[in-house]
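Q: Encoded as structure tokens, here's the structure I'll be asking about.
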2 protein chains.
Amino acid sequence: MDASNLPEDALATPVPRRREVVPEATVARLPIYLRALHGLADEGQTTVSSEALAEAAGVNSAKLRKDLSHLGSYGTRGVGYDVDHLIAQISRELGLSRRCSVVLVGVGNLGRALAGYGGFASRGLAIDALLDADRSRVGEQIAGLTVRHMDDLPDVVTGVSIGVIATPADAAQEVCDRLVSAGVTSILNFAPTVLSVPSHVDLRKVDLSIELQILSFHEHRKAARAEGALA
Amino acid sequence: MDASNLPEDALATPVPRRREVVPEATVARLPIYLRALHGLADEGQTTVSSEALAEAAGVNSAKLRKDLSHLGSYGTRGVGYDVDHLIAQISRELGLSRRCSVVLVGVGNLGRALAGYGGFASRGLAIDALLDADRSRVGEQIAGLTVRHMDDLPDVVTGVSIGVIATPADAAQEVCDRLVSAGVTSILNFAPTVLSVPSHVDLRKVDLSIELQILSFHEHRKAARAEGALA
DNA sequence: CTGACTTTGTGCGCGCGTTCACAAGCGCGT
DNA sequence: ACGCGCTTGTGAACGCGCGCACAAAGTCAG
């Protein structure tokens with residue numbers, strides 16, 4: 001893409017050449033690989049084969065190799081991948097080495113849980129600020145952070161930032177708009193509602209009840225199949 | 001996705017249902033349609049066109065029509081869909097009319113948030129029991145439920161059940177195994193680890209930190225593209 | 001009853017993602 | 001040095017899902 005028309009890319013840049021655009025499906029799996037690699041590193045493993053890493057990540061080994069090939073050729077044939085090196089490459093690809101501030105809006109039950117969730121900090125993504133529209137909650141200490149009022153948003157958002165919405169559904173769109181106005185270009189929405197954002201903003205959503213409903217469907221289908229089998 | 005544990009029957013079902021197999025991608029969107037329909041019903045709408053419903057759900061109208069066509073022909077050409085009827089049909093398809101008990105294991109920060117999350121009950125999926133391995137938490141009242149000990153699991157799981165794992169990562173696999181032993185065939189995992197289950201068990205996972213890392217990747221890429229543009 | 005308008009349902013082409021299968025490459029033992 | 005075995009990286013086939021565009025089917029006015 002942008003690197004394709006650079007005449008001498010591989011020699012000049014300290015960073016290995018970006019081969020191509022990484023498919024979205026691959027990006028979604030990189031964090032899983034990263035987690036598995038950290039687990040292997042903690043066990044003292046220095047190298048790992050695609051077969052072993054795929055097993056730890058719960059995916060097909062061919063898929064894993066193709067995913068990693070989109071980042072570059074970081075493996076050694078006959079040996080496997082160097083664990084630490086691969087961790088570094090995936091972390092760099094995900095932008096985890098670069099400082100990236102995260103702003104969480106809404107400190108209800110879910111917001112509190114997210115603020116206290118340890119999985120973020122261990123991957124270089126720590127929540128930097130907590131905001132809430134309810135002034136009675138402002139000043140409260142949660143997970144080492146002080147809750148600030150929503151109106152402080154412009155002061156909190158500095159440079160590259162990710163916004164997390166953990167408010168009730170009816171407040172989500174307004175919060176979303178204010179995040180966008182403040183310059184946030186990536187938003188993670190936990191509120192059970194459809195948000196509309198400008199095209200330059202990345203929006204991901206996690207709906208807890210939807211996952212349960214999908215499981216309910218499968219339970220229902222399994223039950224129907226069982227009844228059909230004995231009929 | 002994790003289609004590896006989805007059993008596939010080569011032979012047609014003996015049930016003379018004209019309904020075909022609903023694609024997984026469609027199932028994942030049905031809850032979104034259902035939520036949008038409930039919103040329309042609350043506004044007093046009795047019928048809705050595919051265009052309007054697609055807008056409310058945030059999807060393409062052709063996709064919505066194709067999704068609904070997998071359930072049957074419930075629309076009226078020239079008019080649209082009857083809101084209440086469509087709600088009933090989707091609810092039936094998702095198995096929400098059938099009683100389906102949900103067991104939540106782990107009442108830490110996240111477990112508490114899930115227990116108090118209102119989105120479940122409004123869709124016919126209420127959490128019926130809270131379990132925890134920590135005896136100091138047993139007896140605690142959360143969202144109208146009393147926390148019971150993990151050892152009570154066999155008494156709690158009766159009939160069709162869905163298990164939700166909200167424990168730390170290192171306890172998740174053991175909890176998962178105990179759920180499976182107790183007869184649970186659908187599991188929703190919030191712990192940041194890869195779980196292995198028998199092929200007859202449906203497993204879905206939600207990893208909060210993975211979503212953030214995916215957004216981090218896009219931020220990183222946007223920043224890199226901006227730098228490349230001015231170079 | 002008829003014709004014009006509206007909206008559903010779907011056939012079809014296309015692009016993405018997954019998987020198989022194998023050639024290329026690397027280390028190691030002899 | 002040299003072949004042998006192991007593992008990576010990838011070409012190719014396949015299947016799925018998405019979206020366009022249109023025919024089928026219903027409503028409504030006169």
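Residues in the structure tokens are numbered from 1 in each chain, the chains being A, B, ... in the order shown, and ligands are numbered from 1 in the order shown.
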Compute the chain D side of the contact with chain A at 10 Å, counting only C-alpha atoms (C1' of nucleotides), and hand it back as JSON, numbers by chain.

A: {"D": [5, 6, 7, 8, 9, 10]}

Q: Go ahead and write the residues just picked, N, CA, C and O atoms (P, O5', C5', C4', C3', O3' and C1' of nucleotides), as a tab-separated table (two decimals), in the first residue's frame.

A:
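Writing the result to again-v7.tsv gives the following:
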```
chain	number	residue	atom	x	y	z
D	5	DG	P	14.61	-39.93	7.15
D	5	DG	O5'	13.95	-39.02	8.28
D	5	DG	C5'	14.68	-38.73	9.46
D	5	DG	C4'	14.29	-37.38	10.02
D	5	DG	C3'	12.77	-37.11	10.02
D	5	DG	O3'	12.43	-36.51	11.26
D	5	DG	C1'	13.88	-35.36	8.90
D	6	DC	P	10.90	-36.56	11.75
D	6	DC	O5'	10.68	-35.05	12.20
D	6	DC	C5'	11.73	-34.35	12.87
D	6	DC	C4'	11.65	-32.88	12.56
D	6	DC	C3'	10.23	-32.31	12.59
D	6	DC	O3'	10.17	-31.25	13.52
D	6	DC	C1'	11.38	-31.62	10.62
D	7	DT	P	8.70	-30.71	14.01
D	7	DT	O5'	8.61	-29.35	13.21
D	7	DT	C5'	9.63	-28.38	13.36
D	7	DT	C4'	9.43	-27.27	12.34
D	7	DT	C3'	8.00	-26.75	12.24
D	7	DT	O3'	7.99	-25.35	12.43
D	7	DT	C1'	8.89	-27.22	10.10
D	8	DT	P	6.60	-24.53	12.39
D	8	DT	O5'	6.93	-23.51	11.21
D	8	DT	C5'	8.18	-22.87	11.19
D	8	DT	C4'	8.50	-22.38	9.78
D	8	DT	C3'	7.51	-21.33	9.24
D	8	DT	O3'	8.23	-20.27	8.65
D	8	DT	C1'	7.66	-23.17	7.74
D	9	DG	P	7.49	-18.83	8.48
D	9	DG	O5'	6.99	-18.88	6.97
D	9	DG	C5'	7.94	-18.94	5.94
D	9	DG	C4'	7.27	-19.26	4.61
D	9	DG	C3'	6.08	-18.36	4.25
D	9	DG	O3'	6.21	-17.99	2.89
D	9	DG	C1'	5.45	-20.62	4.11
D	10	DT	P	5.32	-16.84	2.25
D	10	DT	O5'	4.47	-17.64	1.15
D	10	DT	C5'	5.11	-18.60	0.34
D	10	DT	C4'	4.08	-19.45	-0.40
D	10	DT	C3'	2.80	-18.72	-0.81
D	10	DT	O3'	2.43	-19.17	-2.09
D	10	DT	C1'	2.23	-20.63	0.34
```

Q: Taking the backbone alone, and naming residues the way the document does, which bits of range 76-124 of chain A are alpha helix (DSSP H) by DSSP, as a PDB file with C-alpha atoms, in the first residue's frame?

A:
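Saved as selection-v7.pdb:
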```
ATOM      1  CA  VAL A  83       8.872 -16.984  21.498  1.00  0.00           C
ATOM      2  CA  ASP A  84      10.260 -13.636  22.622  1.00  0.00           C
ATOM      3  CA  HIS A  85      10.829 -12.411  19.110  1.00  0.00           C
ATOM      4  CA  LEU A  86       7.317 -13.334  18.076  1.00  0.00           C
ATOM      5  CA  ILE A  87       5.877 -11.601  21.123  1.00  0.00           C
ATOM      6  CA  ALA A  88       7.769  -8.461  20.162  1.00  0.00           C
ATOM      7  CA  GLN A  89       6.621  -8.597  16.545  1.00  0.00           C
ATOM      8  CA  ILE A  90       2.958  -9.159  17.348  1.00  0.00           C
ATOM      9  CA  SER A  91       3.021  -6.492  20.047  1.00  0.00           C
ATOM     10  CA  ARG A  92       4.527  -4.041  17.590  1.00  0.00           C
ATOM     11  CA  GLU A  93       1.977  -4.951  14.947  1.00  0.00           C
ATOM     12  CA  LEU A  94      -0.865  -4.404  17.396  1.00  0.00           C
ATOM     13  CA  ASN A 109     -21.412  -2.223  37.567  1.00  0.00           C
ATOM     14  CA  LEU A 110     -19.843  -2.981  34.221  1.00  0.00           C
ATOM     15  CA  GLY A 111     -17.569   0.050  34.220  1.00  0.00           C
ATOM     16  CA  ARG A 112     -16.251  -0.909  37.633  1.00  0.00           C
ATOM     17  CA  ALA A 113     -15.562  -4.421  36.427  1.00  0.00           C
ATOM     18  CA  LEU A 114     -13.717  -3.143  33.390  1.00  0.00           C
ATOM     19  CA  ALA A 115     -11.664  -0.706  35.444  1.00  0.00           C
TER      20      ALA A 115
END
```

Q: Both chains have the same sequence, so superpose chain B on chain A over all Cα atoms paired in order and return it as a PDB file with C-alpha atoms, in the first residue's frame.

A:
```pdb
ATOM      1  CA  MET B   1     -16.480  -7.345   9.413  1.00  0.00           C
ATOM      2  CA  ASP B   2     -16.340  -3.571   9.608  1.00  0.00           C
ATOM      3  CA  ALA B   3     -13.727  -3.094   6.942  1.00  0.00           C
ATOM      4  CA  SER B   4     -15.727  -0.203   5.583  1.00  0.00           C
ATOM      5  CA  ASN B   5     -13.702   2.342   7.516  1.00  0.00           C
ATOM      6  CA  LEU B   6     -10.319   0.864   6.863  1.00  0.00           C
ATOM      7  CA  PRO B   7      -8.395   3.178   4.570  1.00  0.00           C
ATOM      8  CA  GLU B   8      -6.517   1.448   1.805  1.00  0.00           C
ATOM      9  CA  ASP B   9      -3.403   2.858   0.306  1.00  0.00           C
ATOM     10  CA  ALA B  10      -2.929   1.722  -3.233  1.00  0.00           C
ATOM     11  CA  LEU B  11       0.678   2.836  -3.260  1.00  0.00           C
ATOM     12  CA  ALA B  12       3.392   1.054  -1.361  1.00  0.00           C
ATOM     13  CA  THR B  13       4.681   2.681   1.777  1.00  0.00           C
ATOM     14  CA  PRO B  14       7.884   4.716   1.365  1.00  0.00           C
ATOM     15  CA  VAL B  15       9.350   2.878   4.339  1.00  0.00           C
ATOM     16  CA  PRO B  16      11.666   0.183   2.952  1.00  0.00           C
ATOM     17  CA  ARG B  17      10.301  -2.344   5.373  1.00  0.00           C
ATOM     18  CA  ARG B  18      10.335  -5.856   3.983  1.00  0.00           C
ATOM     19  CA  ARG B  19       7.350  -6.526   6.196  1.00  0.00           C
ATOM     20  CA  GLU B  20       4.135  -6.772   4.271  1.00  0.00           C
ATOM     21  CA  VAL B  21       0.739  -5.704   5.440  1.00  0.00           C
ATOM     22  CA  VAL B  22      -0.498  -7.986   8.201  1.00  0.00           C
ATOM     23  CA  PRO B  23      -3.948  -9.442   7.424  1.00  0.00           C
ATOM     24  CA  GLU B  24      -6.718  -8.445   9.761  1.00  0.00           C
ATOM     25  CA  ALA B  25      -7.488 -12.056  10.651  1.00  0.00           C
ATOM     26  CA  THR B  26      -3.880 -12.493  11.721  1.00  0.00           C
ATOM     27  CA  VAL B  27      -3.941  -9.359  13.881  1.00  0.00           C
ATOM     28  CA  ALA B  28      -6.997 -10.678  15.684  1.00  0.00           C
ATOM     29  CA  ARG B  29      -5.093 -13.828  16.622  1.00  0.00           C
ATOM     30  CA  LEU B  30      -1.817 -12.226  17.712  1.00  0.00           C
ATOM     31  CA  PRO B  31      -3.146 -11.402  21.192  1.00  0.00           C
ATOM     32  CA  ILE B  32      -4.118 -15.055  21.636  1.00  0.00           C
ATOM     33  CA  TYR B  33      -0.635 -16.188  20.711  1.00  0.00           C
ATOM     34  CA  LEU B  34       0.780 -13.603  23.054  1.00  0.00           C
ATOM     35  CA  ARG B  35      -1.298 -14.871  25.947  1.00  0.00           C
ATOM     36  CA  ALA B  36      -0.286 -18.462  25.235  1.00  0.00           C
ATOM     37  CA  LEU B  37       3.364 -17.435  25.038  1.00  0.00           C
ATOM     38  CA  HIS B  38       3.186 -15.693  28.401  1.00  0.00           C
ATOM     39  CA  GLY B  39       1.774 -18.876  29.860  1.00  0.00           C
ATOM     40  CA  LEU B  40       4.622 -20.901  28.405  1.00  0.00           C
ATOM     41  CA  ALA B  41       7.178 -18.394  29.651  1.00  0.00           C
ATOM     42  CA  ASP B  42       5.745 -18.668  33.163  1.00  0.00           C
ATOM     43  CA  GLU B  43       6.230 -22.413  32.945  1.00  0.00           C
ATOM     44  CA  GLY B  44       9.878 -21.867  32.130  1.00  0.00           C
ATOM     45  CA  GLN B  45       9.733 -22.862  28.467  1.00  0.00           C
ATOM     46  CA  THR B  46      12.404 -21.125  26.409  1.00  0.00           C
ATOM     47  CA  THR B  47      11.501 -22.476  22.979  1.00  0.00           C
ATOM     48  CA  VAL B  48       8.262 -23.741  21.514  1.00  0.00           C
ATOM     49  CA  SER B  49       7.319 -25.467  18.285  1.00  0.00           C
ATOM     50  CA  SER B  50       4.505 -24.242  16.095  1.00  0.00           C
ATOM     51  CA  GLU B  51       2.618 -27.418  16.908  1.00  0.00           C
ATOM     52  CA  ALA B  52       2.789 -26.859  20.668  1.00  0.00           C
ATOM     53  CA  LEU B  53       1.983 -23.164  20.471  1.00  0.00           C
ATOM     54  CA  ALA B  54      -0.909 -23.813  18.120  1.00  0.00           C
ATOM     55  CA  GLU B  55      -2.302 -26.335  20.577  1.00  0.00           C
ATOM     56  CA  ALA B  56      -2.049 -23.820  23.423  1.00  0.00           C
ATOM     57  CA  ALA B  57      -3.732 -21.151  21.327  1.00  0.00           C
ATOM     58  CA  GLY B  58      -6.420 -23.445  19.987  1.00  0.00           C
ATOM     59  CA  VAL B  59      -5.630 -23.012  16.299  1.00  0.00           C
ATOM     60  CA  ASN B  60      -4.194 -24.980  13.393  1.00  0.00           C
ATOM     61  CA  SER B  61      -0.398 -25.156  13.359  1.00  0.00           C
ATOM     62  CA  ALA B  62      -0.170 -24.211   9.684  1.00  0.00           C
ATOM     63  CA  LYS B  63      -2.287 -21.153  10.352  1.00  0.00           C
ATOM     64  CA  LEU B  64      -0.042 -20.153  13.212  1.00  0.00           C
ATOM     65  CA  ARG B  65       3.104 -20.479  11.096  1.00  0.00           C
ATOM     66  CA  LYS B  66       1.547 -18.426   8.321  1.00  0.00           C
ATOM     67  CA  ASP B  67       0.457 -15.791  10.799  1.00  0.00           C
ATOM     68  CA  LEU B  68       3.938 -15.501  12.276  1.00  0.00           C
ATOM     69  CA  SER B  69       5.512 -15.451   8.833  1.00  0.00           C
ATOM     70  CA  HIS B  70       3.682 -12.187   8.182  1.00  0.00           C
ATOM     71  CA  LEU B  71       5.741 -10.599  10.927  1.00  0.00           C
ATOM     72  CA  GLY B  72       9.044 -12.005   9.721  1.00  0.00           C
ATOM     73  CA  SER B  73      11.123 -15.134  10.024  1.00  0.00           C
ATOM     74  CA  TYR B  74      11.552 -15.418  13.763  1.00  0.00           C
ATOM     75  CA  GLY B  75      11.679 -19.208  13.986  1.00  0.00           C
ATOM     76  CA  THR B  76      14.555 -21.652  13.713  1.00  0.00           C
ATOM     77  CA  ARG B  77      13.939 -24.669  11.525  1.00  0.00           C
ATOM     78  CA  GLY B  78      14.376 -27.908  13.391  1.00  0.00           C
ATOM     79  CA  VAL B  79      13.983 -26.131  16.736  1.00  0.00           C
ATOM     80  CA  GLY B  80      11.001 -23.823  16.886  1.00  0.00           C
ATOM     81  CA  TYR B  81      10.505 -20.312  18.202  1.00  0.00           C
ATOM     82  CA  ASP B  82      12.297 -18.600  21.061  1.00  0.00           C
ATOM     83  CA  VAL B  83       9.546 -17.756  23.504  1.00  0.00           C
ATOM     84  CA  ASP B  84      10.910 -14.477  24.836  1.00  0.00           C
ATOM     85  CA  HIS B  85      11.920 -13.226  21.424  1.00  0.00           C
ATOM     86  CA  LEU B  86       8.533 -14.044  19.974  1.00  0.00           C
ATOM     87  CA  ILE B  87       6.801 -12.277  22.856  1.00  0.00           C
ATOM     88  CA  ALA B  88       8.898  -9.206  22.147  1.00  0.00           C
ATOM     89  CA  GLN B  89       8.186  -9.281  18.425  1.00  0.00           C
ATOM     90  CA  ILE B  90       4.436  -9.719  18.776  1.00  0.00           C
ATOM     91  CA  SER B  91       4.281  -7.060  21.489  1.00  0.00           C
ATOM     92  CA  ARG B  92       6.144  -4.653  19.247  1.00  0.00           C
ATOM     93  CA  GLU B  93       3.892  -5.452  16.314  1.00  0.00           C
ATOM     94  CA  LEU B  94       0.806  -4.820  18.426  1.00  0.00           C
ATOM     95  CA  GLY B  95       2.267  -1.556  19.652  1.00  0.00           C
ATOM     96  CA  LEU B  96       2.220  -2.693  23.272  1.00  0.00           C
ATOM     97  CA  SER B  97       5.722  -1.446  23.942  1.00  0.00           C
ATOM     98  CA  ARG B  98       4.672   2.061  23.020  1.00  0.00           C
ATOM     99  CA  ARG B  99       2.796   3.865  25.752  1.00  0.00           C
ATOM    100  CA  CYS B 100      -0.860   3.985  24.847  1.00  0.00           C
ATOM    101  CA  SER B 101      -3.356   5.629  27.169  1.00  0.00           C
ATOM    102  CA  VAL B 102      -6.853   4.275  27.504  1.00  0.00           C
ATOM    103  CA  VAL B 103      -9.844   6.356  28.520  1.00  0.00           C
ATOM    104  CA  LEU B 104     -12.978   4.645  29.800  1.00  0.00           C
ATOM    105  CA  VAL B 105     -16.281   6.506  29.662  1.00  0.00           C
ATOM    106  CA  GLY B 106     -19.172   5.296  31.764  1.00  0.00           C
ATOM    107  CA  VAL B 107     -18.656   3.729  35.190  1.00  0.00           C
ATOM    108  CA  GLY B 108     -21.862   1.753  35.503  1.00  0.00           C
ATOM    109  CA  ASN B 109     -21.804  -1.963  36.154  1.00  0.00           C
ATOM    110  CA  LEU B 110     -19.899  -2.752  32.995  1.00  0.00           C
ATOM    111  CA  GLY B 111     -17.513   0.165  33.317  1.00  0.00           C
ATOM    112  CA  ARG B 112     -16.633  -0.905  36.839  1.00  0.00           C
ATOM    113  CA  ALA B 113     -15.962  -4.448  35.657  1.00  0.00           C
ATOM    114  CA  LEU B 114     -13.722  -3.188  32.865  1.00  0.00           C
ATOM    115  CA  ALA B 115     -11.816  -0.884  35.202  1.00  0.00           C
ATOM    116  CA  GLY B 116     -11.130  -3.782  37.524  1.00  0.00           C
ATOM    117  CA  TYR B 117     -10.287  -6.231  34.782  1.00  0.00           C
ATOM    118  CA  GLY B 118      -6.718  -7.357  35.267  1.00  0.00           C
ATOM    119  CA  GLY B 119      -6.171  -8.549  31.735  1.00  0.00           C
ATOM    120  CA  PHE B 120      -5.419  -5.072  30.468  1.00  0.00           C
ATOM    121  CA  ALA B 121      -2.515  -4.109  32.653  1.00  0.00           C
ATOM    122  CA  SER B 122      -0.715  -7.400  32.128  1.00  0.00           C
ATOM    123  CA  ARG B 123      -0.492  -6.637  28.415  1.00  0.00           C
ATOM    124  CA  GLY B 124       0.778  -3.103  28.656  1.00  0.00           C
ATOM    125  CA  LEU B 125      -2.632  -1.582  28.219  1.00  0.00           C
ATOM    126  CA  ALA B 126      -3.814   0.004  31.425  1.00  0.00           C
ATOM    127  CA  ILE B 127      -6.848   2.212  31.804  1.00  0.00           C
ATOM    128  CA  ASP B 128      -5.593   5.691  32.611  1.00  0.00           C
ATOM    129  CA  ALA B 129      -8.759   7.626  33.239  1.00  0.00           C
ATOM    130  CA  LEU B 130     -12.393   7.081  34.147  1.00  0.00           C
ATOM    131  CA  LEU B 131     -15.052   9.506  33.029  1.00  0.00           C
ATOM    132  CA  ASP B 132     -18.764   9.761  33.638  1.00  0.00           C
ATOM    133  CA  ALA B 133     -21.469  12.280  32.859  1.00  0.00           C
ATOM    134  CA  ASP B 134     -23.157  11.723  36.211  1.00  0.00           C
ATOM    135  CA  ARG B 135     -21.697  14.262  38.661  1.00  0.00           C
ATOM    136  CA  SER B 136     -22.785  12.151  41.629  1.00  0.00           C
ATOM    137  CA  ARG B 137     -20.256   9.575  40.528  1.00  0.00           C
ATOM    138  CA  VAL B 138     -17.419  12.040  40.056  1.00  0.00           C
ATOM    139  CA  GLY B 139     -14.750  11.655  42.718  1.00  0.00           C
ATOM    140  CA  GLU B 140     -15.508   8.011  43.322  1.00  0.00           C
ATOM    141  CA  GLN B 141     -12.481   5.722  43.591  1.00  0.00           C
ATOM    142  CA  ILE B 142     -12.529   2.651  41.337  1.00  0.00           C
ATOM    143  CA  ALA B 143      -9.571   0.330  40.911  1.00  0.00           C
ATOM    144  CA  GLY B 144      -7.160   3.012  42.086  1.00  0.00           C
ATOM    145  CA  LEU B 145      -8.503   5.682  39.774  1.00  0.00           C
ATOM    146  CA  THR B 146     -10.667   8.684  40.527  1.00  0.00           C
ATOM    147  CA  VAL B 147     -13.752   9.184  38.383  1.00  0.00           C
ATOM    148  CA  ARG B 148     -13.646  12.534  36.623  1.00  0.00           C
ATOM    149  CA  HIS B 149     -16.391  14.376  34.830  1.00  0.00           C
ATOM    150  CA  MET B 150     -16.977  13.994  31.133  1.00  0.00           C
ATOM    151  CA  ASP B 151     -16.143  17.670  30.616  1.00  0.00           C
ATOM    152  CA  ASP B 152     -12.537  16.955  31.609  1.00  0.00           C
ATOM    153  CA  LEU B 153     -12.144  14.836  28.498  1.00  0.00           C
ATOM    154  CA  PRO B 154      -9.873  17.275  26.613  1.00  0.00           C
ATOM    155  CA  ASP B 155      -7.451  17.347  29.569  1.00  0.00           C
ATOM    156  CA  VAL B 156      -7.349  13.573  29.804  1.00  0.00           C
ATOM    157  CA  VAL B 157      -6.756  12.736  26.175  1.00  0.00           C
ATOM    158  CA  THR B 158      -3.107  13.383  25.455  1.00  0.00           C
ATOM    159  CA  GLY B 159      -1.336  11.986  22.449  1.00  0.00           C
ATOM    160  CA  VAL B 160      -2.154   8.518  21.278  1.00  0.00           C
ATOM    161  CA  SER B 161      -5.273   7.326  23.006  1.00  0.00           C
ATOM    162  CA  ILE B 162      -7.932   4.682  22.857  1.00  0.00           C
ATOM    163  CA  GLY B 163     -11.454   5.389  24.024  1.00  0.00           C
ATOM    164  CA  VAL B 164     -13.734   2.797  25.574  1.00  0.00           C
ATOM    165  CA  ILE B 165     -17.468   3.458  25.648  1.00  0.00           C
ATOM    166  CA  ALA B 166     -19.393   1.698  28.410  1.00  0.00           C
ATOM    167  CA  THR B 167     -22.364   4.022  28.632  1.00  0.00           C
ATOM    168  CA  PRO B 168     -26.049   3.333  27.997  1.00  0.00           C
ATOM    169  CA  ALA B 169     -26.944   3.079  24.335  1.00  0.00           C
ATOM    170  CA  ASP B 170     -28.670   6.444  24.095  1.00  0.00           C
ATOM    171  CA  ALA B 171     -25.577   8.317  25.267  1.00  0.00           C
ATOM    172  CA  ALA B 172     -23.048   6.387  23.206  1.00  0.00           C
ATOM    173  CA  GLN B 173     -23.128   8.426  19.996  1.00  0.00           C
ATOM    174  CA  GLU B 174     -22.668  11.725  21.811  1.00  0.00           C
ATOM    175  CA  VAL B 175     -19.794  10.329  23.848  1.00  0.00           C
ATOM    176  CA  CYS B 176     -18.305   8.924  20.675  1.00  0.00           C
ATOM    177  CA  ASP B 177     -18.495  12.303  18.957  1.00  0.00           C
ATOM    178  CA  ARG B 178     -16.810  13.996  21.895  1.00  0.00           C
ATOM    179  CA  LEU B 179     -14.042  11.414  21.905  1.00  0.00           C
ATOM    180  CA  VAL B 180     -13.435  11.985  18.216  1.00  0.00           C
ATOM    181  CA  SER B 181     -13.433  15.739  18.715  1.00  0.00           C
ATOM    182  CA  ALA B 182     -10.840  15.336  21.444  1.00  0.00           C
ATOM    183  CA  GLY B 183      -8.569  13.518  19.000  1.00  0.00           C
ATOM    184  CA  VAL B 184      -9.200   9.883  19.845  1.00  0.00           C
ATOM    185  CA  THR B 185      -8.704   7.726  16.754  1.00  0.00           C
ATOM    186  CA  SER B 186      -9.546   4.275  18.139  1.00  0.00           C
ATOM    187  CA  ILE B 187     -12.772   3.464  19.926  1.00  0.00           C
ATOM    188  CA  LEU B 188     -14.045   0.308  21.542  1.00  0.00           C
ATOM    189  CA  ASN B 189     -17.810   0.351  21.961  1.00  0.00           C
ATOM    190  CA  PHE B 190     -19.694  -1.799  24.468  1.00  0.00           C
ATOM    191  CA  ALA B 191     -22.994   0.027  24.115  1.00  0.00           C
ATOM    192  CA  PRO B 192     -25.608  -1.900  22.142  1.00  0.00           C
ATOM    193  CA  THR B 193     -25.951   0.594  19.321  1.00  0.00           C
ATOM    194  CA  VAL B 194     -24.469   1.351  15.930  1.00  0.00           C
ATOM    195  CA  LEU B 195     -22.030   4.235  16.042  1.00  0.00           C
ATOM    196  CA  SER B 196     -20.936   6.337  13.107  1.00  0.00           C
ATOM    197  CA  VAL B 197     -17.414   7.710  13.051  1.00  0.00           C
ATOM    198  CA  PRO B 198     -15.226   9.520  10.526  1.00  0.00           C
ATOM    199  CA  SER B 199     -13.268   7.273   8.194  1.00  0.00           C
ATOM    200  CA  HIS B 200      -9.967   7.936   9.972  1.00  0.00           C
ATOM    201  CA  VAL B 201     -11.242   6.510  13.251  1.00  0.00           C
ATOM    202  CA  ASP B 202     -11.069   2.781  13.970  1.00  0.00           C
ATOM    203  CA  LEU B 203     -14.171   1.446  15.637  1.00  0.00           C
ATOM    204  CA  ARG B 204     -14.644  -1.977  17.169  1.00  0.00           C
ATOM    205  CA  LYS B 205     -17.711  -3.150  18.986  1.00  0.00           C
ATOM    206  CA  VAL B 206     -18.467  -5.797  21.562  1.00  0.00           C
ATOM    207  CA  ASP B 207     -22.103  -6.596  22.143  1.00  0.00           C
ATOM    208  CA  LEU B 208     -22.681  -8.997  24.979  1.00  0.00           C
ATOM    209  CA  SER B 209     -26.256  -9.819  24.073  1.00  0.00           C
ATOM    210  CA  ILE B 210     -25.430 -10.543  20.442  1.00  0.00           C
ATOM    211  CA  GLU B 211     -23.129 -13.362  21.444  1.00  0.00           C
ATOM    212  CA  LEU B 212     -25.890 -14.908  23.498  1.00  0.00           C
ATOM    213  CA  GLN B 213     -28.339 -14.618  20.618  1.00  0.00           C
ATOM    214  CA  ILE B 214     -25.907 -16.405  18.316  1.00  0.00           C
ATOM    215  CA  LEU B 215     -25.695 -19.258  20.815  1.00  0.00           C
ATOM    216  CA  SER B 216     -29.474 -19.230  21.057  1.00  0.00           C
ATOM    217  CA  PHE B 217     -29.648 -19.733  17.310  1.00  0.00           C
ATOM    218  CA  HIS B 218     -27.406 -22.773  17.503  1.00  0.00           C
ATOM    219  CA  GLU B 219     -29.420 -24.217  20.380  1.00  0.00           C
ATOM    220  CA  HIS B 220     -32.583 -23.635  18.389  1.00  0.00           C
ATOM    221  CA  ARG B 221     -31.116 -25.335  15.346  1.00  0.00           C
ATOM    222  CA  LYS B 222     -29.849 -28.273  17.356  1.00  0.00           C
ATOM    223  CA  ALA B 223     -33.308 -28.719  18.884  1.00  0.00           C
ATOM    224  CA  ALA B 224     -34.981 -28.501  15.485  1.00  0.00           C
ATOM    225  CA  ARG B 225     -32.569 -31.027  14.056  1.00  0.00           C
ATOM    226  CA  ALA B 226     -33.253 -33.423  16.921  1.00  0.00           C
ATOM    227  CA  GLU B 227     -36.993 -33.139  16.354  1.00  0.00           C
ATOM    228  CA  GLY B 228     -36.539 -33.691  12.650  1.00  0.00           C
ATOM    229  CA  ALA B 229     -34.437 -36.764  13.311  1.00  0.00           C
ATOM    230  CA  LEU B 230     -37.116 -38.550  15.265  1.00  0.00           C
ATOM    231  CA  ALA B 231     -39.888 -37.554  12.880  1.00  0.00           C
TER     232      ALA B 231
END
```

Q: For the strand (DSSP E or B) assignment from backbone DSSP, which residues of range 85-220 of chain B qualify? Please present them as a ChimeraX atom specification.

A: /B:101-105,127-132,141-142,145-149,161-165,186-189,202-205

Q: Using only C-alpha atoms (C1' of nucleotides), select each residue of chain C with any atom at most 7 Å away from an atom of chain B, and give the selection as a list in words.

A: DT6, DT7, DT8 and DG9 of chain C

Q: Excluding DG3 in chain D and any residue of its chain fewer than 6 positions from it, enumerate the residues within 12 Å of it, using only C-alpha atoms (C1' of nucleotides), and give them as a list in words.

A: DC28, DG29 and DT30 of chain C

Q: Interatomic distance between C1' of DC14 in chain C and C1' of DA13 in chain D?

A: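 If I compute the distance from C1' of DC14 in chain C to C1' of DA13 in chain D, I get 16.0 Å.
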